[in-house]
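First the structure, in the form of C-alpha cells, and then the observations on it.
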Amino acid sequence: MLSDIEIAQQAKLKPIKEIASQVGISEDELEFYGKYKAKLSDELAQRVKDNPDGKLILVTAINPTPAGEGKTTTTAGLGQAMAKIGKKAIIALREPSLGPVFGIKGGAAGGGYAQVLPMEDINLHFTGDMHAITAANNLCCAMLDNHIQQGNSLMIDPRRILIKRCLDMNDRALRNIVLGLGGKVNGVPREDHFIITVASEVMAILCLANDIYDLKERLGKILVAYTYSGDPVYAKDLKADGAMTALLKDAIKPNLVQTLEGTPAIMHGGPFANIAHGCNSVRATKLALKLADYCITEAGFGSDLGAEKFLDIKCRYAGLSPSAIVVVATCRALKYNGGVPKSEVSEENLEALKRGIVNLGVHINNMRKYNVPVVVAINQFGSDTEAELKFIEDYCKENGADFALSNVFGKGGEGGIELANKVVEACEKPSAFEPIYSLDLSLKEKIEKIASTIYGASKVNYTTAAEKAINEVVSLGADKLPVCIAKTQYSLSDNPALLGAPENFEITVRNVSLSNGAGFVVVYTGDIMTMPGLPKVPAAHSIDVDENGKIVGLF
C-alpha cells in the first residue's frame, strides 16, 4: 500500500470554494489561503447563527499505544462514509502541532484513504495559527519583562512569574533557562521556562473564545505573576491584552479544508489533551453544527483525557450536547494493553486480547456515565484475524455496546458505511447529556470525582506544593471553575506502565495552576512535561524535499 503522503499527493483536490458551496458557504464568506485552504469569515458566522444545530458526534478512543488506534483516521473516514449514505456532514478537527510532527507521534490529518488535505500544509505551517498564538503569548512575556526592566511600577516579584514563553517545537533544552544575562541593559536576570505552544493558555483561550471580544477579555484575565505583597497581576495590568488580540485577529477564524473524498473539514486550534483540554475550537464546532446535519469531531488521546475534558469543560462552556460518542479500538492496541510488545502485536494472540480488552470496557462504561449513546468503532488492520475481530465483537455484544467494523484506512468512506449507519442510529436514541461533576464542588472534590469515576483510582494524594497552590486558587475565588487534569495518556492511572484496567491505584497531584483566562484549573499529576523532547530517532530524520520541491517522508 502507498504511504500516507503518497496517497495524499496523488489525490485530486477540489478548489476550496467548491467544498464550501457544498454546505452553503459563498465565495465572499471565504478568506483564501491559496486554492485549497480558506478561513471562514465572521460574516458567515453571523449569517448562520440562527440556523438549527445538527447532531454532534464525538470520536474518542481507548488509551493510546505505540501500536496505533487511528482516531483521526476514523473521524475523517466517518465523515466520508456519511456522504456515502447521503448524509450532510462536516468534520471538525484540531490543527497539528509541529512538536509531534517532527518528533515521534506524527501528524494529525488522518491516514490511508481517510485523510484531510492538503496534508503537507496542514501538518506544517497551515494558515499560521500556531505562529500567531506563539507570538501573542511571547509578546505578553516580553511586555512583562520589559515592565520589570523599566521600573516595575506594579511591583512584580520576579520569583513569582507564572506565564511561560512558548515554542511549537519539541525542545527539551528550553524547559529551564536563565534570561536577562549580559548586564543591566539586557534586563533583570531570572529563571524562566518554555512550554510547547499547544500547552499554552493562549491556545486554550483561542479554542474556548466565542468571538474576538470574548477573546480579548479572556486574554486580559491571564494570571501572569504575583507582586511582592502577594497580589495577583493579570495580562490586562500590563496592557498586553489589546496587542495580543491584534495578533490573533485572523487566527480566531476557523480554517476550511477537505477530506480525500471531498467532505468539508474545519480545522482550528490544537491544545494537547494530556497537558491541556484537547479539543478543537468552540467556534469551529458551533459553525459546523450550523452548516451541516452532522458534526463529527474528536478529542485527544483516550476518553479518560480528551473526551472527559470535551464533555466537562468544552461542552459546559459552549452549551453543547453530543448525540453520540464513538470509541475507537484496535486488536493491536488491545493486545498491547494485554502485555504483548509492539513488535508482536501483528501476531494472533487471543489470550493477550482477553487480558487487554478490559481497557475498552472501562472506556465504554465511562462514556455511558455521561448519558450519551456509545458506538464502538473496531478499526481494522490488515494483520487482524477473524478470531480476534469476532472476540471484540462478542465482547461488545456481551456488554450491550453497539459496534461496527471500520476499514476507512484501506477503503475510505466505503469502509466506514457500517459505522456511519450505526452512528446515525445512535444519534436518534435518547440522549440526556450531563457533565460528570458539578461546579459547586470544591477543587479537591472535582479532582477526586474524576479520579474515582473516570480513572478508577482508589485515592488521590496531594503534595505540599499542590496543597499550597489549591489554597491560592481558592483565595482568588476561582475554585468553582472546571478542572483540567494533566496526566499520562498511556494509562488510566498516572503511571504510564499500568496498562489495561488497573485497580487499587492512587493518583498523586504534584501541583495546580490557574488558567484564569481559559476558565479552568490545571491539575498536574505524574511526570507530565509541558515541553516535550525529541526521541533518539525523530521523525524529522525522514522528512525531506526532493529536487522538484515535493515534500517526502512526511508519514
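Naming scheme: A, B, ... for chains in displayed order of the C-alpha cells; residues 1 onward per chain; ligands 1 onward as shown.
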What are the nearest atom pairs, with distances in Å to one decimal, for all residues of region 376-414 of chain A that come at most 12 Å from region 333-348 of chain A, using only C-alpha atoms, set out by chain and rising residue number as CSV?
```
residue,atom,partner,partner_atom,distance
A:Ile378,CA,A:Leu334,CA,10.8
A:Asn379,CA,A:Ala333,CA,10.2
A:Gln380,CA,A:Ala333,CA,11.2
A:Phe381,CA,A:Ser346,CA,8.8
A:Gly382,CA,A:Ser346,CA,8.7
A:Ser383,CA,A:Ser346,CA,5.4
A:Asp384,CA,A:Ser346,CA,7.1
A:Thr385,CA,A:Glu348,CA,6.6
A:Glu386,CA,A:Glu348,CA,9.6
A:Ala387,CA,A:Glu348,CA,8.4
A:Glu388,CA,A:Glu348,CA,7.2
A:Leu389,CA,A:Glu348,CA,10.4
A:Phe391,CA,A:Leu334,CA,11.3
A:Ile392,CA,A:Leu334,CA,9.5
```
Closest atom pairs, region 243-318 of chain A residues within 8 Å of region 467-488 of chain A, only C-alpha atoms, as JSON lines:
```
{"residue": "A:Ala273", "atom": "CA", "partner": "A:Ala486", "partner_atom": "CA", "distance": 7.8}
{"residue": "A:Asn274", "atom": "CA", "partner": "A:Ala486", "partner_atom": "CA", "distance": 5.1}
{"residue": "A:Ile275", "atom": "CA", "partner": "A:Ala486", "partner_atom": "CA", "distance": 4.5}
{"residue": "A:Ala276", "atom": "CA", "partner": "A:Ala486", "partner_atom": "CA", "distance": 6.7}
{"residue": "A:His277", "atom": "CA", "partner": "A:Cys484", "partner_atom": "CA", "distance": 6.4}
{"residue": "A:Leu305", "atom": "CA", "partner": "A:Lys487", "partner_atom": "CA", "distance": 7.7}
{"residue": "A:Lys309", "atom": "CA", "partner": "A:Cys484", "partner_atom": "CA", "distance": 6.7}
{"residue": "A:Asp312", "atom": "CA", "partner": "A:Pro482", "partner_atom": "CA", "distance": 7.3}
{"residue": "A:Ile313", "atom": "CA", "partner": "A:Pro482", "partner_atom": "CA", "distance": 6.3}
```
Tell me which protein, DNA and RNA residues are within 8 Å of Asn255 (chain A), counting only C-alpha atoms, leaving out same-chain ones fewer than 2 positions away, and put them as a compact mmCIF listing (two decimals) with C-alpha atoms, in the first residue's frame.
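Output (around.txt):
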```txt
# COMPACT_ATOMS: atom_id res chain seq x y z
CA LYS A 37 -7.40 26.37 2.17
CA ALA A 38 -9.55 29.20 3.44
CA LYS A 39 -10.54 30.89 6.64
CA LEU A 40 -14.23 31.26 7.39
CA THR A 127 -2.58 29.13 7.87
CA LYS A 253 -11.21 32.42 12.35
CA VAL A 257 -10.14 22.20 4.11
CA ILE A 266 -12.98 22.60 9.64
CA MET A 267 -9.63 22.51 11.44
CA HIS A 268 -9.00 25.04 14.17
```
Please provide as a PyMOL selection string all residues within 7 Å of Ile177 (chain A), with the sequence filter that same-chain residues fewer than 5 positions apart are discarded (counting only C-alpha atoms).
chain A and resi 191-193
Could the residues in this selection be written to a file with N, CA, C and O atoms, as a tab-separated table (two decimals), in the first residue's frame?
```
chain	number	residue	atom	x	y	z
A	191	GLU	N	15.14	33.11	36.45
A	191	GLU	CA	14.87	31.79	35.88
A	191	GLU	C	13.57	31.86	35.07
A	191	GLU	O	12.62	32.53	35.45
A	192	ASP	N	13.54	31.16	33.93
A	192	ASP	CA	12.32	31.12	33.13
A	192	ASP	C	12.18	29.71	32.54
A	192	ASP	O	13.06	28.86	32.70
A	193	HIS	N	11.07	29.49	31.84
A	193	HIS	CA	10.76	28.17	31.30
A	193	HIS	C	10.00	28.33	29.99
A	193	HIS	O	9.20	29.25	29.85
```
Members of region 85-258 of chain A assigned strand (DSSP E) by DSSP, as a PyMOL selection string
chain A and resi 89-93+110-111+114-117+156-161+165-167+177-179+190-192+194-196+223-227+232-234+255-258
Could you please write out, as a PyMOL selection string, every residue of region 214-248 of chain A that DSSP assigns to helix (DSSP H, G or I)?
chain A and resi 214-220+235-238+241-247
Write the residues of the preceding selection, restricted to C-alpha atoms, as a PDB file, in the first residue's frame.
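So the final result, stored in selection_0.pdb, reads:
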```pdb
ATOM      1  CA  ASP A 214     -14.569  37.360  24.329  1.00  0.00           C
ATOM      2  CA  LEU A 215     -11.021  36.546  23.206  1.00  0.00           C
ATOM      3  CA  LYS A 216      -9.720  39.941  24.362  1.00  0.00           C
ATOM      4  CA  GLU A 217     -11.496  39.705  27.704  1.00  0.00           C
ATOM      5  CA  ARG A 218     -10.098  36.231  28.341  1.00  0.00           C
ATOM      6  CA  LEU A 219      -6.562  37.262  27.343  1.00  0.00           C
ATOM      7  CA  GLY A 220      -6.758  40.148  29.802  1.00  0.00           C
ATOM      8  CA  ALA A 235      -2.222  40.500  31.422  1.00  0.00           C
ATOM      9  CA  LYS A 236      -4.585  43.487  31.329  1.00  0.00           C
ATOM     10  CA  ASP A 237      -2.500  45.103  34.101  1.00  0.00           C
ATOM     11  CA  LEU A 238       0.431  45.039  31.660  1.00  0.00           C
ATOM     12  CA  ASP A 241      -4.449  42.210  26.037  1.00  0.00           C
ATOM     13  CA  GLY A 242      -5.161  44.577  23.130  1.00  0.00           C
ATOM     14  CA  ALA A 243      -1.933  43.865  21.233  1.00  0.00           C
ATOM     15  CA  MET A 244      -2.271  40.133  21.883  1.00  0.00           C
ATOM     16  CA  THR A 245      -5.772  40.223  20.418  1.00  0.00           C
ATOM     17  CA  ALA A 246      -4.486  42.106  17.372  1.00  0.00           C
ATOM     18  CA  LEU A 247      -2.008  39.287  16.717  1.00  0.00           C
TER      19      LEU A 247
END
```
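The closest residue to Ala540 (chain A), picked from A:Ser200, A:Gln489, A:Ser281, A:Asn170 and counting only C-alpha atoms, is A:Asn170.
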Near region 68-78 of chain A, within 7 Å and counting only C-alpha atoms, which residues show up once chain neighbours fewer than 4 positions away are dropped, as a list in words?
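Skipping anything fewer than 4 positions along the chain leaves Val59, Thr60, Ala61, Pro64, Met82, Ile91, Ala108, Ala109, Gly110, Gly111, Ala114, Gln115, Val116, Thr259, Ile296, Thr297, Glu298, Val328, Ala329, Thr330, Ala333, Val408, Phe409, Gly412, Gly413, Gly416 and Ala420 of chain A.
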Across A:Met531, A:Ile436, A:Leu256, A:Val537, the smallest distance to Phe126 (chain A), with only C-alpha atoms counted, is shown by A:Leu256
Selection: 10 Å around Met203 (chain A), only C-alpha atoms, excl. self and same-chain fewer than 5 positions, as a short mmCIF file (atom, residue, chain, number, x, y, z; two decimals) with C-alpha atoms, in the first residue's frame:
```
data_model
loop_
_atom_site.label_atom_id
_atom_site.label_comp_id
_atom_site.auth_asym_id
_atom_site.auth_seq_id
_atom_site.Cartn_x
_atom_site.Cartn_y
_atom_site.Cartn_z
CA ASP A 129 -2.47 29.99 13.56
CA MET A 130 0.20 28.28 15.67
CA ALA A 132 0.15 33.73 15.84
CA ILE A 133 -0.58 32.01 19.16
CA THR A 134 3.14 31.69 19.86
CA ALA A 136 0.75 36.55 21.24
CA ASN A 137 1.95 34.50 24.21
CA THR A 197 2.64 26.27 22.16
CA VAL A 198 -0.23 23.79 22.33
CA LEU A 208 -12.82 28.46 24.07
CA GLY A 269 -6.93 25.14 17.34
CA GLY A 270 -4.90 22.32 18.78
CA PRO A 271 -4.43 22.01 22.55
CA PHE A 272 -2.83 18.74 23.72
CA ALA A 276 -4.42 20.93 28.09
CA HIS A 277 -8.07 20.32 27.22
CA SER A 281 -12.23 25.44 18.94
CA ALA A 518 -9.32 29.94 29.73
#
```
Just the residues within 12 Å of Asp121 (chain A), please, counting only C-alpha atoms, with nothing from its chain fewer than 6 positions along; format it as a list in words.
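Returned residues: Ile5, Ala8, Gln9, Tyr33, Gly34, Lys35, Tyr36, Lys37, Glu95, Pro96, Ser97, Leu98, Val101, Gly107, Ala108, Ala109, Thr127, Gly128, Val257, Lys550, Ile551 and Leu554 of chain A.
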Restricting to only C-alpha atoms, whichever of A:Asn407, A:Ser431, A:Asn461, A:Asn210 is closest to Lys369 (chain A) is A:Ser431
